[in-house]
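Here's target.csv, which has CSV, C-alpha atoms and all ligand atoms:
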chain,number,residue,atom,x,y,z
D,1276,MET,CA,78.4,138.7,164.7
D,1277,SER,CA,79.6,138.8,168.3
D,1278,ASN,CA,77.3,137.6,171.0
D,1279,CYS,CA,77.1,141.1,172.5
D,1280,HIS,CA,74.7,140.3,175.3
D,1281,SER,CA,76.8,137.5,176.7
D,1282,SER,CA,80.2,138.9,176.3
D,1283,VAL,CA,81.2,138.1,179.9
D,1284,LEU,CA,81.2,134.4,179.0
D,1285,PRO,CA,83.4,132.5,176.7
D,1286,LEU,CA,81.5,131.5,173.6
D,1287,MET,CA,82.5,127.9,173.6
D,1288,THR,CA,81.0,127.3,177.0
D,1289,LEU,CA,77.7,128.9,176.5
D,1290,ALA,CA,76.1,125.6,175.7
D,1291,VAL,CA,76.9,124.2,179.1
D,1292,ILE,CA,75.8,127.0,181.2
D,1293,ALA,CA,73.1,126.4,183.7
D,1294,VAL,CA,72.2,130.0,183.9
D,1295,THR,CA,72.8,131.4,187.4
D,1296,LEU,CA,70.2,133.9,188.2
D,1297,ALA,CA,71.1,136.6,190.5
D,1298,VAL,CA,68.9,135.2,193.2
D,1299,SER,CA,70.0,134.7,196.7
D,1300,LEU,CA,67.7,133.9,199.6
D,1301,PRO,CA,69.3,134.2,203.0
D,1302,SER,CA,68.5,131.2,205.1
D,1303,ALA,CA,70.1,128.9,207.6
D,1304,GLN,CA,70.5,126.1,205.1
D,1305,ALA,CA,72.4,127.8,202.3
D,1306,SER,CA,75.3,130.2,202.0
D,1307,PRO,CA,73.2,132.9,200.5
D,1308,ALA,CA,75.5,134.7,198.1
D,1309,VAL,CA,77.2,131.6,196.8
D,1310,VAL,CA,76.2,129.4,194.0
D,1311,LYS,CA,77.1,125.9,195.1
D,1312,ALA,CA,79.3,123.9,192.7
D,1313,ASP,CA,78.2,120.5,193.8
D,1314,SER,CA,78.0,118.7,190.5
D,1315,SER,CA,81.2,117.2,189.2
D,1316,HIS,CA,81.0,119.0,185.8
D,1317,LYS,CA,80.6,122.7,185.9
D,1318,TYR,CA,82.6,125.6,184.5
D,1319,SER,CA,83.7,128.9,186.0
D,1320,GLY,CA,80.8,130.8,184.4
D,1321,ASP,CA,78.4,129.1,186.8
D,1322,ARG,CA,79.8,131.3,189.5
D,1323,VAL,CA,79.2,134.4,187.6
D,1324,TYR,CA,76.2,136.6,188.6
D,1325,GLN,CA,74.4,137.2,185.4
D,1326,HIS,CA,73.6,140.9,185.0
D,1327,ASP,CA,71.6,140.0,182.0
D,1328,LEU,CA,68.2,141.3,181.1
D,1329,SER,CA,66.8,137.9,180.3
D,1330,ASP,CA,68.1,134.3,180.7
D,1331,LEU,CA,67.7,133.8,177.0
D,1332,ASP,CA,70.6,134.0,174.7
D,1333,HIS,CA,70.8,137.2,172.6
D,1334,ASP,CA,72.7,137.4,169.4
D,1335,GLU,CA,72.2,139.0,166.0
D,1336,ASP,CA,70.6,136.0,164.3
D,1337,GLU,CA,67.1,137.4,164.8
D,1338,ASP,CA,65.7,134.1,165.9
D,1339,GLU,CA,62.8,133.5,168.3
D,1340,ASP,CA,65.0,133.8,171.4
D,1341,ASP,CA,66.2,137.2,170.3
D,1342,HIS,CA,62.7,138.5,170.0
D,1343,LYS,CA,61.8,137.1,173.4
D,1344,TYR,CA,65.0,138.6,174.9
D,1345,ASP,CA,63.9,142.0,173.7
D,1346,HIS,CA,60.4,141.5,175.0
D,1347,GLU,CA,61.7,140.4,178.4
D,1348,ALA,CA,64.2,143.3,178.6
D,1349,PHE,CA,61.4,145.7,177.7
D,1350,LEU,CA,58.6,144.3,179.8
D,1351,GLY,CA,60.1,141.9,182.3
D,1352,LYS,CA,59.6,138.2,182.1
D,1353,GLU,CA,56.1,138.1,183.6
D,1354,ASP,CA,54.5,140.8,181.5
D,1355,SER,CA,56.3,139.5,178.5
D,1356,SER,CA,54.4,136.2,178.6
D,1357,LYS,CA,51.1,138.1,179.2
D,1358,PHE,CA,51.7,140.1,176.0
D,1359,ASP,CA,52.3,136.8,174.1
D,1360,LYS,CA,48.7,135.8,174.7
D,1361,MET,CA,47.2,139.1,173.5
D,1362,SER,CA,45.7,139.9,170.2
D,1363,PRO,CA,47.8,142.3,168.1
D,1364,GLU,CA,45.2,145.1,168.9
D,1365,GLU,CA,45.3,144.5,172.6
D,1366,SER,CA,49.1,144.3,172.5
D,1367,LYS,CA,49.4,147.6,170.7
D,1368,ALA,CA,46.9,149.3,173.1
D,1369,ASN,CA,49.0,148.1,176.1
D,1370,LEU,CA,52.2,149.1,174.4
D,1371,GLY,CA,50.7,152.6,174.0
D,1372,LYS,CA,50.2,152.8,177.8
D,1373,ILE,CA,53.8,151.8,178.4
D,1374,VAL,CA,55.0,154.4,176.0
D,1375,ASP,CA,53.1,157.0,178.0
D,1376,LYS,CA,55.1,155.9,181.1
D,1377,ILE,CA,58.5,155.8,179.3
D,1378,ASP,CA,57.9,159.3,177.7
D,1379,LYS,CA,58.5,161.1,181.0
D,1380,ASP,CA,58.4,164.6,179.7
D,1381,ASN,CA,55.3,163.9,177.6
D,1382,ASP,CA,56.6,165.4,174.4
D,1383,GLY,CA,55.5,162.4,172.3
D,1384,MET,CA,59.1,161.3,171.7
D,1385,VAL,CA,61.1,158.6,173.5
D,1386,THR,CA,64.7,159.6,173.8
D,1387,GLU,CA,67.6,157.2,174.3
D,1388,LYS,CA,67.8,158.3,177.9
D,1389,GLU,CA,64.1,157.7,178.5
D,1390,LEU,CA,64.4,154.3,177.0
D,1391,SER,CA,67.5,153.3,178.9
D,1392,ASP,CA,65.9,154.5,182.2
D,1393,TRP,CA,62.9,152.3,181.5
D,1394,ILE,CA,65.0,149.2,180.7
D,1395,ASP,CA,67.1,149.8,183.8
D,1396,TYR,CA,63.9,150.1,185.9
D,1397,ILE,CA,62.6,146.8,184.4
D,1398,SER,CA,65.9,145.1,185.0
D,1399,LYS,CA,65.9,146.1,188.7
D,1400,ARG,CA,62.2,145.3,189.3
D,1401,TYR,CA,62.8,141.7,190.1
D,1402,VAL,CA,65.4,142.5,192.8
D,1403,THR,CA,63.2,145.3,194.2
D,1404,GLU,CA,60.1,143.2,194.3
D,1405,ASP,CA,61.8,140.1,195.7
D,1406,SER,CA,63.5,142.0,198.5
D,1407,ARG,CA,60.4,143.8,199.4
D,1408,LYS,CA,58.5,140.5,199.6
D,1409,GLN,CA,61.1,139.0,201.8
D,1410,PHE,CA,61.2,142.2,203.9
D,1411,LEU,CA,57.5,142.0,204.5
D,1412,ASP,CA,58.0,138.5,205.9
D,1413,TYR,CA,59.6,140.1,208.8
D,1414,ALA,CA,58.2,143.5,209.0
D,1415,SER,CA,54.6,144.8,208.8
D,1416,SER,CA,55.4,147.8,206.7
D,1417,PRO,CA,58.0,148.8,204.1
D,1418,ALA,CA,58.8,151.7,206.3
D,1419,ASP,CA,59.8,149.5,209.2
D,1420,LYS,CA,63.4,148.6,210.1
D,1421,LEU,CA,64.6,145.1,210.9
D,1422,SER,CA,66.9,144.2,213.7
D,1423,TRP,CA,69.6,141.6,213.4
D,1424,ASP,CA,68.0,139.8,216.4
D,1425,THR,CA,64.7,139.4,214.6
D,1426,TYR,CA,66.4,138.1,211.5
D,1427,LYS,CA,68.6,135.8,213.5
D,1428,ALA,CA,65.8,134.4,215.6
D,1429,ARG,CA,63.8,133.5,212.5
D,1430,ASN,CA,66.6,132.0,210.5
D,1431,PHE,CA,68.8,130.4,213.0
D,1432,GLY,CA,66.8,129.6,216.1
D,1433,LYS,CA,68.6,128.4,219.2
D,1434,ASP,CA,70.5,125.6,217.5
D,1435,THR,CA,74.1,126.3,217.1
D,1436,ASP,CA,76.0,123.5,215.5
D,1437,GLU,CA,79.2,124.4,213.7
D,1438,ALA,CA,77.7,124.8,210.3
D,1439,THR,CA,74.8,126.9,211.5
D,1440,SER,CA,77.0,129.3,213.5
D,1441,LYS,CA,79.3,129.6,210.5
D,1442,SER,CA,76.4,130.5,208.3
D,1443,MET,CA,75.1,132.9,211.0
D,1444,SER,CA,78.4,134.8,211.3
D,1445,ARG,CA,78.5,135.1,207.5
D,1446,ASP,CA,75.0,136.5,207.4
D,1447,GLN,CA,75.8,138.9,210.3
D,1448,ARG,CA,78.9,140.2,208.6
D,1449,ARG,CA,76.8,140.8,205.5
D,1450,TRP,CA,74.2,142.5,207.6
D,1451,GLN,CA,76.8,144.9,209.0
D,1452,ARG,CA,78.1,145.6,205.5
D,1453,ALA,CA,74.5,146.3,204.3
D,1454,ASP,CA,73.8,148.6,207.3
D,1455,ARG,CA,75.0,151.8,205.6
D,1456,ASP,CA,74.0,154.2,208.3
D,1457,GLY,CA,75.3,151.9,211.1
D,1458,ASP,CA,72.2,152.0,213.3
D,1459,GLY,CA,72.2,148.2,213.6
D,1460,MET,CA,68.9,147.9,211.8
D,1461,LEU,CA,68.2,147.4,208.1
D,1462,ASN,CA,65.6,149.5,206.3
D,1463,LEU,CA,64.2,148.2,203.0
D,1464,ALA,CA,66.9,149.7,200.9
D,1465,GLU,CA,69.6,148.2,203.1
D,1466,PHE,CA,67.8,144.9,203.3
D,1467,THR,CA,67.8,144.9,199.4
D,1468,ASP,CA,71.6,145.1,199.5
D,1469,PHE,CA,71.6,142.3,202.0
D,1470,THR,CA,69.5,140.0,199.9
D,1471,HIS,CA,71.0,140.9,196.6
D,1472,PRO,CA,74.6,142.0,197.4
D,1473,GLU,CA,75.6,141.3,193.8
D,1474,GLU,CA,73.6,144.3,192.7
D,1475,ALA,CA,75.2,146.8,195.1
D,1476,PRO,CA,78.6,148.2,194.3
D,1477,HIS,CA,79.6,148.5,198.0
D,1478,MET,CA,78.7,144.9,198.6
D,1479,ARG,CA,80.8,143.6,195.6
D,1480,GLU,CA,84.0,142.9,197.5
D,1481,LEU,CA,82.1,141.0,200.2
D,1482,VAL,CA,80.5,138.7,197.5
D,1483,GLY,CA,84.1,138.0,196.4
D,1484,LEU,CA,85.1,137.3,200.0
D,1485,GLU,CA,82.2,134.9,200.6
D,1486,THR,CA,83.1,133.0,197.4
D,1487,LEU,CA,86.8,133.0,198.3
D,1488,GLU,CA,85.9,131.4,201.7
D,1489,ASP,CA,83.9,128.7,199.9
D,1490,MET,CA,86.6,127.8,197.4
D,1491,ASP,CA,89.7,128.2,199.6
D,1492,LYS,CA,89.7,124.6,200.9
D,1493,ASP,CA,93.2,124.8,202.5
D,1494,LYS,CA,92.3,128.1,204.2
D,1495,ASP,CA,95.4,129.9,203.2
D,1496,GLY,CA,93.5,133.0,202.1
D,1497,GLY,CA,93.7,132.5,198.3
D,1498,VAL,CA,92.3,130.3,195.6
D,1499,ASP,CA,95.1,128.5,193.8
D,1500,ILE,CA,94.8,126.7,190.5
D,1501,ASN,CA,93.9,123.3,192.1
D,1502,GLU,CA,91.1,124.9,194.2
D,1503,TYR,CA,89.9,126.7,191.2
D,1504,ILE,CA,89.7,123.6,189.1
D,1505,ALA,CA,88.3,121.4,191.9
D,1506,ASP,CA,85.4,123.8,192.2
D,1507,MET,CA,84.2,122.9,188.8
D,1508,TRP,CA,85.6,119.5,187.9
D,1509,THR,CA,86.1,116.3,189.8
D,1510,PRO,CA,87.5,113.6,187.5
D,1511,SER,CA,85.9,110.1,187.6
D,1512,ALA,CA,88.3,107.2,187.9
D,1513,GLY,CA,90.7,107.2,185.0
D,1514,GLU,CA,89.1,110.2,183.3
D,1515,GLN,CA,91.4,112.3,181.2
D,1516,GLU,CA,91.3,116.0,181.7
D,1517,PRO,CA,88.8,117.4,179.1
D,1518,ASP,CA,89.7,120.3,176.9
D,1519,TRP,CA,87.4,122.7,178.6
D,1520,VAL,CA,89.3,122.2,181.9
D,1521,LYS,CA,92.6,122.9,180.1
D,1522,THR,CA,90.9,126.1,178.8
D,1523,GLU,CA,89.9,127.0,182.4
D,1524,ARG,CA,93.6,126.5,183.5
D,1525,GLU,CA,94.6,129.1,180.9
D,1526,THR,CA,91.7,131.4,181.9
D,1527,PHE,CA,92.9,131.2,185.5
D,1528,SER,CA,96.5,132.3,184.6
D,1529,ASN,CA,95.7,134.7,181.8
D,1530,VAL,CA,92.5,136.3,182.9
D,1531,ARG,CA,91.5,135.7,186.5
D,1532,ASP,CA,94.9,136.0,188.3
D,1533,LYS,CA,95.4,139.6,187.4
D,1534,ASN,CA,98.5,140.2,189.5
D,1535,LYS,CA,100.0,136.9,188.4
D,1536,ASP,CA,100.9,135.6,191.9
D,1537,GLY,CA,99.3,132.2,191.3
D,1538,ARG,CA,96.3,132.8,193.6
D,1539,LEU,CA,93.0,134.6,193.3
D,1540,ASP,CA,92.3,137.1,196.1
D,1541,GLN,CA,89.0,138.6,197.1
D,1542,ALA,CA,89.2,141.4,194.5
D,1543,GLU,CA,90.2,139.1,191.7
D,1544,ILE,CA,87.3,136.8,192.5
D,1545,ALA,CA,84.9,139.8,192.7
D,1546,SER,CA,85.8,141.0,189.3
D,1547,TRP,CA,85.3,137.5,187.9
D,1548,ILE,CA,81.9,136.7,189.5
D,1549,VAL,CA,80.4,140.1,189.7
D,1550,PRO,CA,81.6,141.6,186.4
D,1551,GLU,CA,81.0,145.3,186.0
D,1552,ASP,CA,82.6,145.8,182.6
D,1553,TYR,CA,79.5,145.3,180.5
D,1554,ASN,CA,76.4,147.4,180.4
D,1555,HIS,CA,73.5,145.3,179.3
D,1556,VAL,CA,71.0,148.1,179.7
D,1557,GLU,CA,73.0,150.4,177.4
D,1558,ALA,CA,73.5,147.6,174.8
D,1559,GLU,CA,69.8,146.7,174.7
D,1560,THR,CA,68.8,150.4,174.5
D,1561,ARG,CA,71.1,150.8,171.4
D,1562,HIS,CA,69.8,147.6,169.9
D,1563,LEU,CA,66.1,148.7,170.3
D,1564,MET,CA,66.9,152.2,169.0
D,1565,SER,CA,68.6,150.7,165.9
D,1566,GLN,CA,65.6,148.4,165.3
D,1567,ALA,CA,62.9,151.1,165.5
D,1568,ASP,CA,64.4,154.5,164.8
D,1569,THR,CA,63.4,154.5,161.1
D,1570,ASP,CA,64.1,158.1,160.3
D,1571,LYS,CA,67.4,158.0,162.2
D,1572,ASP,CA,66.9,161.1,164.3
D,1573,GLY,CA,68.1,159.4,167.4
D,1574,ARG,CA,64.6,159.4,169.1
D,1575,LEU,CA,61.6,157.2,168.8
D,1576,SER,CA,58.3,158.7,168.0
D,1577,ARG,CA,55.2,157.0,169.1
D,1578,GLN,CA,54.5,156.0,165.5
D,1579,GLU,CA,58.0,154.5,165.1
D,1580,ILE,CA,57.4,152.4,168.2
D,1581,MET,CA,53.9,151.3,167.1
D,1582,ASP,CA,55.2,150.5,163.6
D,1583,LYS,CA,57.7,148.1,165.1
D,1584,TYR,CA,55.5,146.9,168.0
D,1585,ASP,CA,56.7,143.3,167.5
D,1586,VAL,CA,60.2,144.4,168.4
D,1587,PHE,CA,59.1,145.7,171.8
D,1588,VAL,CA,56.3,143.3,172.8
D,1589,GLY,CA,54.9,140.0,171.7
D,1590,SER,CA,51.3,139.2,170.6
D,1591,GLN,CA,49.6,136.1,169.3
D,1592,ALA,CA,50.4,137.2,165.7
D,1593,THR,CA,54.0,138.1,166.3
D,1594,ASP,CA,55.0,135.0,168.1
D,1595,PHE,CA,58.0,134.4,166.0
D,1596,GLY,CA,58.0,130.5,166.3
D,1597,GLU,CA,54.3,130.4,165.5
D,1598,ALA,CA,54.7,132.7,162.6
D,1599,LEU,CA,57.4,130.6,161.1
D,1600,GLY,CA,55.3,127.4,161.7
D,1601,ARG,CA,52.4,128.9,159.9
D,1602,HIS,CA,54.5,130.1,157.1
D,1603,GLU,CA,55.8,126.6,156.5
D,1604,GLU,CA,52.3,125.2,156.4
D,1605,LEU,CA,51.3,127.6,153.6
H,1701,CA,CA,70.5,150.9,209.0
H,1702,CA,CA,93.8,128.2,199.1
H,1703,CA,CA,96.4,136.9,192.2
H,1704,CA,CA,63.0,158.6,165.1
What do you get writing this file as structure tokens?
Amino acid sequence: MSNCHSSVLPLMTLAVIAVTLAVSLPSAQASPAVVKADSSHKYSGDRVYQHDLSDLDHDEDEDEDDHKYDHEAFLGKEDSSKFDKMSPEESKANLGKIVDKIDKDNDGMVTEKELSDWIDYISKRYVTEDSRKQFLDYASSPADKLSWDTYKARNFGKDTDEATSKSMSRDQRRWQRADRDGDGMLNLAEFTDFTHPEEAPHMRELVGLETLEDMDKDKDGGVDINEYIADMWTPSAGEQEPDWVKTERETFSNVRDKNKDGRLDQAEIASWIVPEDYNHVEAETRHLMSQADTDKDGRLSRQEIMDKYDVFVGSQATDFGEALGRHEEL
């Protein structure tokens, strides 16, 4: 079975991924959008912004991670671990309340659209809440607007060494890109695009540009094969090039460098690190439907969801690992 939820990543390298969460906190110290490749052994997937619904692996083996993945996609990470501690009765009661929320038109049936809207909402909740929290560090109300000067004063102070001023111009450029209505201020929605540009289609090219600037050591405006490899692998003395690096060389030429000019430009980098070709929300919706739509009418009745409550949420009794453990003891 294919690893459908991780299709943006080559299978062979899954084991070495330190999962890069789509988290970026603007600050003077770090280049916000960029995942630093400072260790000598990385691979190109480390630069990819994961648009996944959980940092767990999801495949069709039906192991513990798969159940947790479904629970995290359906509930979010935090609520998912709360459910794991509930009794089956409590867990079902709370699932019932969630079904009420998902079933927007209150007809007692959850359609595929209602389910995918819910999973989409859950998947964006982290970004929404994180940005709101950061916003309220500067503003007293979510209805406020932030000026660049307020942000700048807080993050960069009066110190202007070279690194700081570089970092500051980068943030300012991103600020301007996020300022959709061009009034010089960021409202909460615009600030969300500023803090999580990887989530906003109109910020995607800029995320590519920021990464290009990081990787383009000779400053010729493109990332060549040497810059690409140097970003993920620095050989120790006498070390032979490992096979995964050879594979990355092929990936550079065959996949990344789309126009075959030997260099990656901003757009080529964007399509690599902010992939938009795979819809995790849709895939997870179809997966949950296939698991629970017992009568195959394309909708989930409340009863179908309750019957398969362990697919959607955890509980003490449905903790898959524990259940297996107990089984072996019998
Ligand atoms: Ca604005
Ligand atoms: Ca270059
Ligand atoms: Ca190219
Ligand atoms: Ca059904």
Please build the interface table for chain D against ligand CA 1701 (chain H) with a cut-off of 6 Å, listing for each qualifying residue the nearest atom pair and the distance in Å to one decimal; count all atoms listed in the file, order rows by chain and increasing number, and write it as a Markdown table.
| residue | atom | partner | partner_atom | distance |
| --- | --- | --- | --- | --- |
| D:Asp1454 | CA | H:CA1701 | CA | 4.4 |
| D:Arg1455 | CA | H:CA1701 | CA | 5.7 |
| D:Asp1456 | CA | H:CA1701 | CA | 4.9 |
| D:Gly1457 | CA | H:CA1701 | CA | 5.3 |
| D:Asp1458 | CA | H:CA1701 | CA | 4.8 |
| D:Gly1459 | CA | H:CA1701 | CA | 5.6 |
| D:Met1460 | CA | H:CA1701 | CA | 4.4 |
| D:Leu1461 | CA | H:CA1701 | CA | 4.3 |
| D:Asn1462 | CA | H:CA1701 | CA | 5.8 |
Which of D:Glu1389, D:Glu1543, D:Glu1485, D:Glu1514 sits closest to ligand CA 1703 (chain H) [using only C-alpha atoms and all ligand atoms]: D:Glu1543
Find the residues near ligand CA 1703 (chain H). Use a cut-off of 10 Å, count all atoms listed in the file, and write them as a short mmCIF file (atom, residue, chain, number, x, y, z; two decimals) with C-alpha atoms, in the coordinates of the input.
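result-v3.cif, freshly written:
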data_model
loop_
_atom_site.label_atom_id
_atom_site.label_comp_id
_atom_site.auth_asym_id
_atom_site.auth_seq_id
_atom_site.Cartn_x
_atom_site.Cartn_y
_atom_site.Cartn_z
CA GLY D 1497 93.70 132.50 198.30
CA VAL D 1498 92.30 130.30 195.60
CA ASP D 1499 95.10 128.50 193.80
CA PHE D 1527 92.90 131.20 185.50
CA SER D 1528 96.50 132.30 184.60
CA ARG D 1531 91.50 135.70 186.50
CA ASP D 1532 94.90 136.00 188.30
CA LYS D 1533 95.40 139.60 187.40
CA ASN D 1534 98.50 140.20 189.50
CA LYS D 1535 100.00 136.90 188.40
CA ASP D 1536 100.90 135.60 191.90
CA GLY D 1537 99.30 132.20 191.30
CA ARG D 1538 96.30 132.80 193.60
CA LEU D 1539 93.00 134.60 193.30
CA ASP D 1540 92.30 137.10 196.10
CA GLN D 1541 89.00 138.60 197.10
CA ALA D 1542 89.20 141.40 194.50
CA GLU D 1543 90.20 139.10 191.70
CA ILE D 1544 87.30 136.80 192.50
#
Given 7 Å and all atoms listed in the file, residues near ligand CA 1704 (chain H) as a ChimeraX atom specification: /D:1568-1576,1579
Contacts of ligand CA 1702 (chain H), 10 Å or closer, only C-alpha atoms and all ligand atoms, given as a ChimeraX atom specification: /D:1487-1503,1538-1540
From D:Arg1452, D:Arg1429, D:Lys1408, D:Arg1400, residue lying nearest Phe1349 of chain D [all atoms listed in the file]: D:Arg1400
Between atom CA of Trp1508 of chain D and atom CA of Tyr1318 of chain D, distance in Å (one decimal):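 Separating atom CA of Trp1508 of chain D from atom CA of Tyr1318 of chain D is a distance of 7.6 Å.
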Near-Met1478 of chain D list (9 Å; all atoms listed in the file; drop same-chain fewer than 2 positions) as a PyMOL selection string: chain D and resi 1449+1452-1453+1468-1469+1471-1476+1480-1482
Which neighbours of Lys1583 of chain D fall inside 10 Å, counting only C-alpha atoms, when residues of the same chain fewer than 3 positions from it are skipped, and could you give them as a JSON list (two decimals) with C-alpha atoms, in the coordinates of the input?
[["chain", "number", "residue", "atom", "x", "y", "z"],
["D", 1563, "LEU", "CA", 66.10, 148.70, 170.30],
["D", 1566, "GLN", "CA", 65.60, 148.40, 165.30],
["D", 1567, "ALA", "CA", 62.90, 151.10, 165.50],
["D", 1568, "ASP", "CA", 64.40, 154.50, 164.80],
["D", 1569, "THR", "CA", 63.40, 154.50, 161.10],
["D", 1578, "GLN", "CA", 54.50, 156.00, 165.50],
["D", 1579, "GLU", "CA", 58.00, 154.50, 165.10],
["D", 1580, "ILE", "CA", 57.40, 152.40, 168.20],
["D", 1586, "VAL", "CA", 60.20, 144.40, 168.40],
["D", 1587, "PHE", "CA", 59.10, 145.70, 171.80],
["D", 1588, "VAL", "CA", 56.30, 143.30, 172.80]]
Residue contacts of segment 1352-1363 of chain D (7 Å, only C-alpha atoms) excluding same-chain residues fewer than 6 positions away, as a ChimeraX atom specification: /D:1346,1588-1592,1594
All residues 8 Å or closer to Ala1418 of chain D, only C-alpha atoms, same chain fewer than 2 positions away omitted, as number ranges by chain: D: 1416, 1420, 1462-1463
Point-to-point distance in Å for atom CA of Leu1331 of chain D and atom CA of Trp1519 of chain D: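 According to the coordinates, atom CA of Trp1519 of chain D and atom CA of Leu1331 of chain D are separated by 22.7 Å.
Taking atom CA of Gly1432 of chain D and atom CA of Thr1486 of chain D as endpoints, the distance between them is 25.0 Å.
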Of the listed residues D:Ser1329, D:Asn1381, D:Ser1565, D:Asn1369, that which approaches Tyr1401 of chain D most closely, counting all atoms listed in the file: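 Residue with the minimum atom-to-atom distance to Tyr1401 of chain D: D:Ser1329.
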Nearest to Thr1403 of chain D, chosen from D:Thr1467, D:Ser1444, D:Ser1415, D:Thr1425, with only C-alpha atoms counted in the distances: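 Of D:Thr1467, D:Ser1444, D:Ser1415, D:Thr1425, the one nearest Thr1403 of chain D is D:Thr1467, counting only C-alpha atoms.
Between Ile1397 of chain D and the residues D:Lys1433, D:Gly1371, D:Asp1345, D:Glu1465, the shortest atom-to-atom distance, using only C-alpha atoms, involves D:Asp1345.
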Do you have, as a Markdown table, the list of residues of segment 1363-1413 of chain D lying at most 7 Å from segment 1546-1560 of chain D, each with its nearest atom pair and that distance in Å to one decimal, counting only C-alpha atoms and ordered by chain then number?
| residue | atom | partner | partner_atom | distance |
| --- | --- | --- | --- | --- |
| D:Glu1387 | CA | D:Thr1560 | CA | 6.9 |
| D:Leu1390 | CA | D:Thr1560 | CA | 6.4 |
| D:Ser1391 | CA | D:Thr1560 | CA | 5.4 |
| D:Ile1394 | CA | D:Val1556 | CA | 6.2 |
| D:Asp1395 | CA | D:Val1556 | CA | 5.9 |
